[in-house]
>>> print(open('work12.cif').read())   # mmCIF, C-alpha atoms
data_upload
#
loop_
_atom_site.label_atom_id
_atom_site.label_comp_id
_atom_site.auth_asym_id
_atom_site.auth_seq_id
_atom_site.Cartn_x
_atom_site.Cartn_y
_atom_site.Cartn_z
CA MET C 86 -25.97 -111.43 -66.92
CA LYS C 87 -28.42 -109.70 -64.63
CA ASP C 88 -28.15 -109.03 -60.90
CA VAL C 89 -31.56 -107.88 -59.65
CA ARG C 90 -32.34 -107.47 -55.96
CA LEU C 91 -35.08 -106.06 -53.82
CA LEU C 92 -33.35 -105.22 -50.54
CA HIS C 93 -35.12 -105.06 -47.22
CA GLY C 94 -31.89 -104.20 -45.41
CA ASP C 95 -28.86 -102.08 -46.25
CA LEU C 96 -27.80 -101.42 -49.81
CA SER C 97 -23.98 -101.22 -50.07
CA PRO C 98 -23.04 -99.63 -53.40
CA GLY C 99 -19.31 -100.13 -52.87
CA ASN C 100 -19.52 -103.86 -52.20
CA ALA C 101 -22.10 -104.41 -54.93
CA MET C 102 -20.00 -102.58 -57.53
CA THR C 103 -16.83 -104.45 -56.56
CA ALA C 104 -18.66 -107.74 -57.11
CA PHE C 105 -20.29 -106.56 -60.35
CA SER C 106 -16.96 -105.37 -61.74
CA ALA C 107 -15.31 -108.67 -60.81
CA ALA C 108 -18.17 -110.55 -62.49
CA HIS C 109 -17.52 -108.65 -65.75
CA PRO C 110 -13.80 -108.70 -66.43
CA GLU C 111 -14.61 -108.62 -70.15
CA ALA C 112 -16.36 -105.24 -70.02
CA GLY C 113 -14.39 -102.22 -71.15
CA GLY C 114 -16.63 -99.82 -69.26
CA ILE C 115 -19.02 -99.84 -66.32
CA VAL C 116 -21.49 -97.06 -65.55
CA SER C 117 -23.19 -96.85 -62.18
CA PHE C 118 -25.82 -94.67 -60.59
CA VAL C 119 -26.41 -94.41 -56.85
CA GLY C 120 -29.52 -92.58 -55.65
CA LYS C 121 -29.63 -91.48 -52.03
CA VAL C 122 -32.18 -89.97 -49.68
CA ARG C 123 -31.22 -86.31 -49.86
CA PRO C 124 -30.25 -84.91 -46.50
CA ASP C 125 -30.94 -81.34 -47.57
CA GLY C 126 -34.30 -79.74 -46.96
CA ASP C 127 -36.40 -81.04 -44.15
CA VAL C 128 -36.98 -84.70 -44.99
CA GLU C 129 -36.58 -86.62 -41.73
CA ALA C 130 -37.36 -90.12 -43.00
CA LEU C 131 -38.49 -91.97 -46.07
CA GLU C 132 -40.48 -95.15 -46.53
CA LEU C 133 -40.58 -97.31 -49.63
CA ARG C 134 -43.36 -99.82 -50.05
CA HIS C 135 -43.57 -102.51 -52.67
CA TYR C 136 -46.09 -105.18 -53.67
CA ALA C 137 -44.45 -108.59 -53.52
CA PRO C 138 -46.43 -110.20 -56.37
CA LEU C 139 -45.32 -107.46 -58.80
CA THR C 140 -42.21 -105.56 -57.73
CA LEU C 141 -39.30 -107.99 -58.09
CA ALA C 142 -40.80 -109.60 -61.19
CA GLY C 143 -41.15 -106.13 -62.73
CA MET C 144 -37.50 -105.36 -61.94
CA GLN C 145 -36.47 -108.61 -63.61
CA GLN C 146 -38.46 -107.66 -66.71
CA LEU C 147 -36.83 -104.23 -66.71
CA ALA C 148 -33.38 -105.86 -66.56
CA GLU C 149 -34.30 -108.10 -69.50
CA ALA C 150 -35.60 -105.15 -71.50
CA THR C 151 -32.36 -103.26 -70.80
CA LEU C 152 -30.21 -106.21 -71.90
CA ALA C 153 -32.31 -106.59 -75.05
CA ARG C 154 -32.03 -102.94 -76.06
CA TRP C 155 -28.27 -102.37 -75.76
CA ARG C 156 -25.20 -104.47 -76.29
CA LEU C 157 -24.28 -105.16 -72.69
CA ASP C 158 -22.18 -107.62 -70.75
CA GLY C 159 -24.36 -107.21 -67.70
CA VAL C 160 -26.87 -105.10 -65.82
CA LEU C 161 -27.44 -104.61 -62.09
CA LEU C 162 -30.59 -103.29 -60.40
CA HIS C 163 -30.68 -103.09 -56.61
CA HIS C 164 -33.56 -101.24 -54.94
CA ARG C 165 -34.34 -100.70 -51.29
CA THR C 166 -37.68 -101.12 -49.62
CA GLY C 167 -38.72 -100.30 -46.07
CA ALA C 168 -37.64 -97.44 -43.79
CA LEU C 169 -34.76 -95.17 -44.83
CA LYS C 170 -33.12 -92.10 -43.35
CA PRO C 171 -31.40 -89.14 -44.99
CA GLY C 172 -28.16 -90.15 -46.70
CA ASP C 173 -29.15 -93.80 -47.13
CA PRO C 174 -28.74 -95.27 -50.62
CA ILE C 175 -32.14 -96.11 -52.16
CA VAL C 176 -31.12 -97.48 -55.52
CA LEU C 177 -28.06 -98.73 -57.38
CA VAL C 178 -28.08 -99.28 -61.13
CA ALA C 179 -25.08 -100.43 -63.15
CA ALA C 180 -24.39 -101.44 -66.74
CA ALA C 181 -21.25 -103.11 -68.10
CA ALA C 182 -20.49 -102.90 -71.81
CA ARG C 183 -17.78 -103.01 -74.39
CA HIS C 184 -18.62 -99.46 -75.47
CA ARG C 185 -19.32 -96.74 -72.95
CA ARG C 186 -22.21 -95.15 -74.83
CA ASP C 187 -24.23 -98.35 -74.47
CA ALA C 188 -23.48 -98.49 -70.75
CA PHE C 189 -24.48 -94.86 -70.17
CA GLU C 190 -27.74 -95.16 -72.08
CA ALA C 191 -28.67 -98.49 -70.51
CA ALA C 192 -28.11 -97.17 -66.98
CA GLN C 193 -30.26 -94.13 -67.68
CA PHE C 194 -33.01 -96.24 -69.23
CA ALA C 195 -33.10 -98.54 -66.21
CA MET C 196 -33.01 -95.67 -63.75
CA ASP C 197 -35.75 -93.68 -65.51
CA HIS C 198 -37.98 -96.75 -65.35
CA LEU C 199 -37.22 -97.51 -61.70
CA LYS C 200 -38.08 -93.93 -60.84
CA SER C 201 -41.54 -93.73 -62.37
CA ASP C 202 -42.44 -97.08 -63.93
CA ALA C 203 -41.67 -99.71 -61.29
CA TRP C 204 -43.89 -101.00 -58.49
CA PHE C 205 -42.71 -98.80 -55.62
CA TRP C 206 -44.54 -96.27 -53.52
CA LYS C 207 -42.56 -93.70 -51.58
CA ARG C 208 -43.51 -91.37 -48.77
CA GLU C 209 -41.49 -88.74 -46.97
CA LYS C 210 -41.73 -87.50 -43.41
CA ARG C 211 -41.26 -83.80 -42.82
CA ALA C 212 -42.05 -81.56 -39.89
CA ASP C 213 -45.71 -81.55 -40.94
CA GLY C 214 -45.95 -85.34 -41.20
CA TRP C 215 -45.88 -88.02 -43.86
CA ARG C 216 -46.66 -87.27 -47.50
CA TRP C 217 -46.82 -89.65 -50.49
CA VAL C 218 -44.49 -88.70 -53.34
CA GLU C 219 -45.49 -88.83 -57.01
CA PRO C 220 -43.05 -88.54 -59.93
CA ARG C 221 -42.06 -85.04 -61.04
CA GLY C 222 -42.87 -83.78 -64.54
CA GLN C 223 -39.18 -84.21 -65.29
CA ASP C 224 -39.41 -87.90 -64.34
CA HIS C 225 -42.24 -88.41 -66.83
CA ALA C 226 -40.28 -86.55 -69.49
CA ASP C 227 -37.19 -88.67 -68.78
CA LEU C 228 -39.26 -91.83 -69.16
CA ALA C 229 -40.89 -90.64 -72.38
CA ARG C 230 -37.46 -90.40 -74.04
CA TRP C 231 -37.38 -94.17 -74.38
CA THR C 232 -40.71 -94.77 -76.10
CA MET M 122 -15.81 -79.37 -55.71
CA LYS M 123 -13.42 -81.10 -58.06
CA ASP M 124 -11.17 -84.09 -57.45
CA VAL M 125 -8.75 -84.37 -60.37
CA ARG M 126 -5.81 -86.76 -60.36
CA LEU M 127 -3.21 -88.03 -62.76
CA LEU M 128 -2.18 -91.39 -61.31
CA HIS M 129 1.17 -93.01 -61.94
CA GLY M 130 0.27 -96.00 -59.78
CA ASP M 131 -2.91 -97.95 -59.18
CA LEU M 132 -6.34 -96.47 -59.67
CA SER M 133 -8.84 -97.88 -57.13
CA PRO M 134 -12.37 -97.08 -58.27
CA GLY M 135 -13.97 -98.53 -55.13
CA ASN M 136 -11.94 -96.46 -52.68
CA ALA M 137 -12.18 -93.33 -54.80
CA MET M 138 -15.97 -93.63 -55.09
CA THR M 139 -16.40 -94.25 -51.37
CA ALA M 140 -14.47 -91.06 -50.65
CA PHE M 141 -16.30 -89.08 -53.33
CA SER M 142 -19.68 -90.21 -52.04
CA ALA M 143 -18.70 -89.30 -48.47
CA ALA M 144 -17.53 -85.88 -49.68
CA HIS M 145 -20.96 -85.23 -51.22
CA PRO M 146 -23.59 -86.17 -48.67
CA GLU M 147 -25.83 -83.48 -50.14
CA ALA M 148 -26.02 -85.07 -53.60
CA GLY M 149 -29.15 -87.04 -54.42
CA GLY M 150 -27.41 -88.98 -57.16
CA ILE M 151 -23.90 -90.00 -58.20
CA VAL M 152 -22.99 -91.36 -61.62
CA SER M 153 -19.66 -93.05 -62.21
CA PHE M 154 -17.83 -94.51 -65.18
CA VAL M 155 -14.89 -96.90 -64.91
CA GLY M 156 -12.92 -97.68 -68.05
CA LYS M 157 -10.67 -100.74 -68.02
CA VAL M 158 -8.09 -102.27 -70.32
CA ARG M 159 -10.17 -104.91 -72.10
CA PRO M 160 -8.85 -108.40 -71.54
CA ASP M 161 -10.57 -109.75 -74.63
CA GLY M 162 -8.80 -109.88 -77.96
CA ASP M 163 -5.06 -110.07 -77.99
CA VAL M 164 -3.93 -106.94 -76.16
CA GLU M 165 -1.08 -107.98 -73.87
CA ALA M 166 -0.19 -104.60 -72.41
CA LEU M 167 -1.06 -100.94 -72.68
CA GLU M 168 0.99 -97.81 -72.12
CA LEU M 169 -0.36 -94.34 -71.49
CA ARG M 170 1.92 -91.36 -71.91
CA HIS M 171 1.19 -87.82 -70.89
CA TYR M 172 2.95 -84.46 -71.16
CA ALA M 173 3.41 -82.98 -67.71
CA PRO M 174 3.13 -79.30 -68.70
CA LEU M 175 -0.30 -79.92 -70.28
CA THR M 176 -2.06 -83.03 -69.06
CA LEU M 177 -3.08 -82.34 -65.47
CA ALA M 178 -3.82 -78.69 -66.21
CA GLY M 179 -6.04 -79.79 -69.10
CA MET M 180 -7.91 -82.20 -66.82
CA GLN M 181 -8.46 -79.40 -64.32
CA GLN M 182 -9.89 -77.21 -67.08
CA LEU M 183 -12.14 -80.06 -68.18
CA ALA M 184 -13.42 -80.42 -64.61
CA GLU M 185 -14.13 -76.68 -64.47
CA ALA M 186 -15.95 -76.79 -67.80
CA THR M 187 -18.06 -79.71 -66.56
CA LEU M 188 -18.95 -77.90 -63.33
CA ALA M 189 -19.85 -74.79 -65.32
CA ARG M 190 -22.14 -76.60 -67.75
CA TRP M 191 -24.33 -78.61 -65.36
CA ARG M 192 -25.69 -78.08 -61.90
CA LEU M 193 -23.37 -80.34 -59.95
CA ASP M 194 -22.26 -80.81 -56.39
CA GLY M 195 -18.95 -82.25 -57.52
CA VAL M 196 -16.96 -83.90 -60.26
CA LEU M 197 -14.14 -86.46 -60.13
CA LEU M 198 -11.62 -87.22 -62.87
CA HIS M 199 -8.91 -89.82 -62.20
CA HIS M 200 -6.75 -91.00 -65.09
CA ARG M 201 -3.87 -93.44 -65.17
CA THR M 202 -0.57 -92.98 -66.91
CA GLY M 203 2.28 -95.45 -67.37
CA ALA M 204 2.18 -99.21 -67.95
CA LEU M 205 -1.11 -101.12 -67.64
CA LYS M 206 -2.17 -104.69 -68.14
CA PRO M 207 -5.49 -106.21 -69.23
CA GLY M 208 -8.21 -105.67 -66.64
CA ASP M 209 -6.54 -102.64 -65.04
CA PRO M 210 -8.73 -99.55 -64.57
CA ILE M 211 -7.55 -96.69 -66.81
CA VAL M 212 -10.02 -93.99 -65.95
CA LEU M 213 -12.66 -93.12 -63.37
CA VAL M 214 -15.13 -90.29 -63.87
CA ALA M 215 -17.87 -89.37 -61.43
CA ALA M 216 -20.47 -86.62 -61.09
CA ALA M 217 -22.63 -85.84 -58.07
CA ALA M 218 -25.81 -83.83 -58.53
CA ARG M 219 -29.19 -83.10 -57.10
CA HIS M 220 -30.86 -84.38 -60.29
CA ARG M 221 -29.69 -87.55 -61.99
CA ARG M 222 -29.97 -86.23 -65.54
CA ASP M 223 -27.29 -83.61 -64.80
CA ALA M 224 -25.00 -86.25 -63.31
CA PHE M 225 -25.40 -88.61 -66.27
CA GLU M 226 -24.76 -85.90 -68.86
CA ALA M 227 -21.81 -84.41 -66.99
CA ALA M 228 -20.11 -87.80 -66.63
CA GLN M 229 -20.53 -88.50 -70.34
CA PHE M 230 -19.24 -85.05 -71.28
CA ALA M 231 -16.14 -85.50 -69.14
CA MET M 232 -15.52 -89.03 -70.39
CA ASP M 233 -15.95 -88.12 -74.07
CA HIS M 234 -13.36 -85.38 -73.61
CA LEU M 235 -10.89 -87.56 -71.72
CA LYS M 236 -11.15 -90.12 -74.50
CA SER M 237 -10.31 -87.92 -77.46
CA ASP M 238 -9.63 -84.37 -76.26
CA ALA M 239 -7.18 -84.69 -73.36
CA TRP M 240 -3.39 -84.85 -73.44
CA PHE M 241 -2.85 -88.60 -73.40
CA TRP M 242 -1.23 -90.93 -75.90
CA LYS M 243 -1.98 -94.63 -75.73
CA ARG M 244 -0.29 -97.61 -77.30
CA GLU M 245 -1.18 -101.29 -77.18
CA LYS M 246 1.04 -104.33 -77.36
CA ARG M 247 -0.23 -107.31 -79.33
CA ALA M 248 1.48 -110.38 -80.70
CA ASP M 249 2.86 -108.29 -83.57
CA GLY M 250 4.25 -105.56 -81.32
CA TRP M 251 3.32 -102.08 -80.10
CA ARG M 252 0.85 -99.89 -81.98
CA TRP M 253 -0.28 -96.32 -81.20
CA VAL M 254 -4.05 -95.97 -80.82
CA GLU M 255 -6.03 -93.10 -82.28
CA PRO M 256 -9.66 -92.29 -81.39
CA ARG M 257 -12.37 -94.21 -83.25
CA GLY M 258 -14.89 -92.40 -85.45
CA GLN M 259 -17.42 -93.06 -82.69
CA ASP M 260 -15.18 -91.21 -80.23
CA HIS M 261 -15.12 -88.15 -82.48
CA ALA M 262 -18.91 -88.37 -82.90
CA ASP M 263 -19.36 -88.65 -79.13
CA LEU M 264 -17.23 -85.56 -78.62
CA ALA M 265 -19.04 -83.59 -81.33
CA ARG M 266 -22.33 -83.98 -79.42
CA TRP M 267 -21.19 -81.33 -76.96
CA THR M 268 -20.27 -78.52 -79.35
CA MET D 278 -62.23 -116.80 -47.12
CA GLY D 279 -63.27 -113.94 -49.38
CA VAL D 280 -61.51 -111.72 -51.90
CA LYS D 281 -58.54 -109.89 -50.37
CA LEU D 282 -58.24 -106.24 -51.41
CA VAL D 283 -54.70 -104.80 -51.05
CA PHE D 284 -54.23 -101.03 -50.91
CA LEU D 285 -50.87 -99.65 -52.01
CA GLY D 286 -49.33 -96.26 -51.38
CA LYS D 287 -51.72 -93.45 -50.50
CA LEU D 288 -54.71 -95.78 -50.94
CA ALA D 289 -53.73 -97.56 -47.72
CA ASP D 290 -54.11 -94.21 -45.92
CA LEU D 291 -57.51 -93.64 -47.51
CA ALA D 292 -58.58 -97.16 -46.58
CA GLY D 293 -57.20 -96.84 -43.07
CA ALA D 294 -55.62 -100.29 -43.46
CA PRO D 295 -53.28 -102.08 -45.89
CA ASP D 296 -55.92 -104.63 -46.86
CA LYS D 297 -59.54 -105.67 -46.47
CA ASP D 298 -61.51 -108.86 -47.11
CA VAL D 299 -64.77 -108.70 -49.05
CA ARG D 300 -67.14 -111.42 -50.14
CA GLY D 301 -66.67 -112.94 -53.61
CA PRO D 302 -67.39 -113.11 -56.43
CA LEU D 303 -66.33 -109.53 -57.12
CA ASP D 304 -66.62 -107.57 -60.37
CA TRP D 305 -65.71 -103.91 -61.04
CA ARG D 306 -69.13 -102.67 -59.93
CA GLY D 307 -68.92 -104.79 -56.78
CA LEU D 308 -65.46 -103.45 -56.02
CA LEU D 309 -66.63 -99.85 -56.22
CA ASP D 310 -69.59 -100.69 -53.99
CA ALA D 311 -67.15 -102.11 -51.45
CA LEU D 312 -65.00 -98.95 -51.33
CA PRO D 313 -66.33 -95.99 -49.32
CA GLY D 314 -66.18 -92.35 -50.57
CA PRO D 315 -62.68 -91.08 -51.36
CA LEU D 316 -61.30 -94.59 -51.83
CA GLY D 317 -63.93 -95.41 -54.45
CA GLU D 318 -63.27 -92.12 -56.21
CA ALA D 319 -59.55 -92.84 -56.25
CA ALA D 320 -60.15 -96.35 -57.61
CA ARG D 321 -62.16 -94.87 -60.52
CA GLY D 322 -59.30 -92.52 -61.47
CA ASP D 323 -57.25 -93.19 -64.62
CA THR D 324 -54.03 -93.30 -62.61
CA VAL D 325 -55.11 -96.19 -60.38
CA ARG D 326 -54.61 -99.68 -61.81
CA LEU D 327 -55.78 -103.08 -60.65
CA ALA D 328 -53.88 -106.36 -60.35
CA LEU D 329 -55.63 -109.70 -59.93
CA ASN D 330 -53.40 -112.32 -58.32
CA GLY D 331 -50.23 -110.50 -59.44
CA THR D 332 -51.34 -109.72 -62.99
CA VAL D 333 -52.10 -106.12 -63.87
CA LEU D 334 -55.43 -105.73 -65.66
CA ALA D 335 -55.46 -103.89 -68.97
CA ASP D 336 -59.11 -102.94 -68.31
CA LYS D 337 -60.26 -102.45 -64.74
CA ALA D 338 -63.90 -102.93 -65.71
CA ALA D 339 -63.04 -106.49 -66.74
CA LEU D 340 -62.31 -107.47 -63.12
CA GLY D 341 -63.64 -110.87 -62.16
CA ALA D 342 -62.43 -112.12 -58.77
CA ALA D 343 -63.57 -115.14 -56.76
CA ASP D 344 -63.12 -116.13 -53.14
CA GLY D 345 -59.40 -116.75 -52.49
CA ASP D 346 -58.27 -114.19 -55.07
CA GLU D 347 -56.20 -111.10 -54.28
CA VAL D 348 -57.03 -107.74 -55.88
CA ALA D 349 -54.42 -104.97 -55.54
CA LEU D 350 -55.24 -101.29 -56.06
CA LEU D 351 -52.15 -99.57 -57.48
CA PRO D 352 -51.89 -95.76 -57.42
CA PRO D 353 -49.10 -93.86 -59.28
CA VAL D 354 -45.69 -95.29 -58.46
CA SER D 355 -42.56 -93.53 -57.26
CA GLY D 356 -39.24 -95.29 -56.83
CA GLY D 357 -35.51 -94.54 -56.72
CA MET K 164 21.49 -74.94 -73.55
CA GLY K 165 19.36 -74.96 -76.70
CA VAL K 166 15.67 -75.44 -77.46
CA LYS K 167 14.36 -78.76 -76.19
CA LEU K 168 12.05 -80.56 -78.62
CA VAL K 169 9.70 -83.08 -76.96
CA PHE K 170 8.08 -85.81 -79.07
CA LEU K 171 4.82 -87.29 -77.84
CA GLY K 172 3.09 -90.49 -78.85
CA LYS K 173 4.05 -91.96 -82.19
CA LEU K 174 6.35 -89.01 -82.90
CA ALA K 175 8.78 -90.36 -80.29
CA ASP K 176 9.01 -93.55 -82.35
CA LEU K 177 9.64 -91.56 -85.54
CA ALA K 178 12.28 -89.48 -83.77
CA GLY K 179 13.89 -92.52 -82.18
CA ALA K 180 13.98 -90.64 -78.85
CA PRO K 181 11.55 -88.80 -76.55
CA ASP K 182 13.37 -85.48 -77.00
CA LYS K 183 16.14 -83.66 -78.80
CA ASP K 184 18.04 -80.41 -78.26
CA VAL K 185 18.46 -77.98 -81.13
CA ARG K 186 20.11 -74.60 -81.29
CA GLY K 187 17.93 -71.51 -80.74
CA PRO K 188 16.38 -69.29 -81.80
CA LEU K 189 13.93 -71.54 -83.55
CA ASP K 190 11.00 -70.60 -85.78
CA TRP K 191 8.58 -72.86 -87.71
CA ARG K 192 10.90 -73.08 -90.71
CA GLY K 193 13.86 -73.86 -88.48
CA LEU K 194 11.87 -76.55 -86.69
CA LEU K 195 11.04 -78.32 -89.94
CA ASP K 196 14.69 -78.09 -91.01
CA ALA K 197 15.65 -79.78 -87.73
CA LEU K 198 13.28 -82.72 -88.27
CA PRO K 199 14.35 -85.44 -90.69
CA GLY K 200 11.99 -87.02 -93.27
CA PRO K 201 8.88 -88.69 -91.79
CA LEU K 202 9.09 -86.65 -88.59
CA GLY K 203 9.05 -83.38 -90.54
CA GLU K 204 6.15 -84.62 -92.65
CA ALA K 205 4.22 -85.54 -89.51
CA ALA K 206 4.93 -82.15 -87.94
CA ARG K 207 3.45 -80.44 -91.00
CA GLY K 208 0.22 -82.44 -90.72
CA ASP K 209 -2.98 -80.74 -89.54
CA THR K 210 -3.38 -83.22 -86.71
CA VAL K 211 -0.05 -82.39 -85.06
CA ARG K 212 -0.05 -79.40 -82.74
CA LEU K 213 2.78 -77.50 -81.06
CA ALA K 214 3.14 -76.30 -77.48
CA LEU K 215 5.73 -73.75 -76.42
CA ASN K 216 6.58 -73.95 -72.72
CA GLY K 217 3.26 -75.62 -71.95
CA THR K 218 1.05 -73.35 -74.06
CA VAL K 219 -0.53 -74.84 -77.17
CA LEU K 220 -0.01 -72.62 -80.21
CA ALA K 221 -3.08 -71.63 -82.21
CA ASP K 222 -0.84 -71.27 -85.30
CA LYS K 223 2.21 -73.50 -85.63
CA ALA K 224 3.80 -71.13 -88.15
CA ALA K 225 3.92 -68.48 -85.42
CA LEU K 226 6.46 -70.51 -83.42
CA GLY K 227 9.22 -68.42 -81.90
CA ALA K 228 11.42 -70.30 -79.41
CA ALA K 229 14.68 -69.22 -77.79
CA ASP K 230 17.40 -71.15 -75.97
CA GLY K 231 15.95 -72.57 -72.75
CA ASP K 232 12.45 -72.99 -74.22
CA GLU K 233 10.67 -76.30 -74.62
CA VAL K 234 8.70 -77.11 -77.79
CA ALA K 235 6.39 -80.14 -77.68
CA LEU K 236 5.08 -81.87 -80.81
CA LEU K 237 1.61 -83.24 -80.07
CA PRO K 238 0.04 -85.85 -82.36
CA PRO K 239 -3.62 -86.95 -82.06
CA VAL K 240 -4.48 -87.88 -78.49
CA SER K 241 -6.11 -91.00 -77.14
CA GLY K 242 -7.05 -91.42 -73.50
CA GLY K 243 -9.43 -93.39 -71.32
#
>>> encode(input="work12.cif", output="structure tokens")
Amino acid sequence: MKDVRLLHGDLSPGNAMTAFSAAHPEAGGIVSFVGKVRPDGDVEALELRHYAPLTLAGMQQLAEATLARWRLDGVLLHHRTGALKPGDPIVLVAAAARHRRDAFEAAQFAMDHLKSDAWFWKREKRADGWRWVEPRGQDHADLARWT
Amino acid sequence: MKDVRLLHGDLSPGNAMTAFSAAHPEAGGIVSFVGKVRPDGDVEALELRHYAPLTLAGMQQLAEATLARWRLDGVLLHHRTGALKPGDPIVLVAAAARHRRDAFEAAQFAMDHLKSDAWFWKREKRADGWRWVEPRGQDHADLARWT
Amino acid sequence: MGVKLVFLGKLADLAGAPDKDVRGPLDWRGLLDALPGPLGEAARGDTVRLALNGTVLADKAALGAADGDEVALLPPVSGG
Amino acid sequence: MGVKLVFLGKLADLAGAPDKDVRGPLDWRGLLDALPGPLGEAARGDTVRLALNGTVLADKAALGAADGDEVALLPPVSGG
């Protein structure tokens, strides 16, 4: 089962995880990852843009690839778009599985792909204005683990 | 910051994660794992025993070891004891970090140790009665990754 | 109705607008001719991909768009 | 008041009770003498560890307990 959403408004990790857990009573373990706009440093705002003809379809394909690669009961991918402020959740990934190792690996696989291989563009506003963000070297290395 | 609890009554992953997330506004990412009594198969009940002079102190040491090994903002270890029924949460592990890779690895490290290197004894009731559970070979292999 | 060019991420800043209509038909050479200075240079770069009507092209030089089509210019992504 | 033996996990089933008082002082040999058949065999096994007053012993044979002490017999664990 896959639960894939592109959210223009608030992402509520607590509510989403409660529903995902209830939808998978058969799973022995559920791993989740919540990524938030970091309030440290001097980021005042963040904007995520997407491209409607590609972004949600790409997330659906990522969910399918995740389900195909590990033995899972379900996978959840929720990703924000639009204007965000420090502390706001940007992304929620979850994987439910009989065995925890599958769930941990699947969640990391999905997250590594959302970070640097999904159709999102992110910019941050600091004191000196807006700047487009590109993936870190570590993000590329994390992604390369799966190929 | 560590949040370590041995719970004789209900474990509420949703409430615990909401509090943990609020306690770590500075973390860019939070990974969690919830382990539940699997309702599949024929397990009718589960009992977890602990040994008071060792169990909570051992969990505290595990939390310290986890904090020492990765760059984390915080770690949470909540583990049930007593009588459980299918579907009940047994364990909740969470790690908050600036970088997601640290959070994923720390949560797995803590979980692998709770599973087969913490002072708990677990027995399951099936149609043919109670049986003590010992770690699977996979659990030992998971633990050996960290040494 | 021409070919709609859509600029994602930093390319929208370079273009000064999120999209632009140009006359079709449009091939790769025509696209570059339609993009002024820095935008054209960015489009040539290995890290910028093209999508035609929601399908990413394996080879940008194979672009063939007609009036009514949408061509998206996709710079490096960054999510999560 | 003697030495309190505490049996964890499956050892409680073998002992027929969660604990048992024996007379101190108690060393490793005395402990084995105090444990009937299958329980004594289990205690000898490599996978069973001993704790004296909440401290796990590196070497079971080094046990030295006096009246008022608590000795726990710890079989393989299983959590989560």
>>> residues_around(input="work12.cif", residues="Leu288 (chain D)", least_positions_apart="4", cutoff="9 Å", atoms="all atoms listed in the file", output="PyMOL selection string")
chain D and resi 284+292-295+316+319-320+350-352
>>> closest_residue(input="work12.cif", among="M:Arg221, M:Asp263, M:Gln182, M:Lys206", to="chain D", atoms="only C-alpha atoms")
M:Arg221
>>> resolve_selection(input="work12.cif", expression="the PyMOL selection byres ((chain C and resi 220-225) around 8)", output="PyMOL selection string")
(chain C and resi 197+200-201+218-219+226-229) or (chain D and resi 354-355)
>>> residues_around(input="work12.cif", residues="Arg201 (chain M)", least_positions_apart="5", cutoff="12 Å", atoms="all atoms listed in the file", output="PyMOL selection string")
(chain M and resi 125-134+155-158+167-171+176-177+206+209-214+235+240-243) or (chain K and resi 242-243)
>>> axis_aligned_box(input="work12.cif", around="region 221-231 of chain C", padding_each_side="8 Å", output="lines of an AutoDock Vina configuration file")
center_x = -40.0
center_y = -89.0
center_z = -67.7
size_x = 21.7
size_y = 26.4
size_z = 29.3
>>> interface_residues(input="work12.cif", of="chain M", to="chain D", cutoff="12 Å", atoms="all atoms listed in the file", output="mmCIF file with C-alpha atoms, in the frame of the given file")
data_model
loop_
_atom_site.group_PDB
_atom_site.id
_atom_site.type_symbol
_atom_site.label_atom_id
_atom_site.label_comp_id
_atom_site.auth_asym_id
_atom_site.auth_seq_id
_atom_site.Cartn_x
_atom_site.Cartn_y
_atom_site.Cartn_z
ATOM 1 C CA GLY M 149 -29.150 -87.040 -54.420
ATOM 2 C CA GLY M 150 -27.410 -88.980 -57.160
ATOM 3 C CA HIS M 220 -30.860 -84.380 -60.290
ATOM 4 C CA ARG M 221 -29.690 -87.550 -61.990
#
>>> build_atoms(input="work12.cif", residues="region 216-224 of chain K", atoms="N, CA and C atoms", output="CSV table (one decimal), in the coordinates of the input")
chain,number,residue,atom,x,y,z
K,216,ASN,N,6.6,-74.1,-74.2
K,216,ASN,CA,6.6,-74.0,-72.7
K,216,ASN,C,5.2,-74.2,-72.1
K,217,GLY,N,4.5,-75.2,-72.6
K,217,GLY,CA,3.3,-75.6,-72.0
K,217,GLY,C,2.0,-74.9,-72.4
K,218,THR,N,2.2,-74.0,-73.5
K,218,THR,CA,1.0,-73.4,-74.1
K,218,THR,C,0.9,-73.8,-75.5
K,219,VAL,N,-0.3,-74.3,-75.8
K,219,VAL,CA,-0.5,-74.8,-77.2
K,219,VAL,C,-0.7,-73.7,-78.1
K,220,LEU,N,0.0,-73.7,-79.2
K,220,LEU,CA,0.0,-72.6,-80.2
K,220,LEU,C,-1.2,-72.7,-81.1
K,221,ALA,N,-1.9,-71.6,-81.3
K,221,ALA,CA,-3.1,-71.6,-82.2
K,221,ALA,C,-2.6,-71.8,-83.7
K,222,ASP,N,-1.4,-71.2,-83.9
K,222,ASP,CA,-0.8,-71.3,-85.3
K,222,ASP,C,0.6,-71.7,-85.2
K,223,LYS,N,0.9,-72.9,-85.7
K,223,LYS,CA,2.2,-73.5,-85.6
K,223,LYS,C,3.2,-72.6,-86.3
K,224,ALA,N,2.9,-72.0,-87.4
K,224,ALA,CA,3.8,-71.1,-88.2
K,224,ALA,C,4.3,-69.9,-87.3
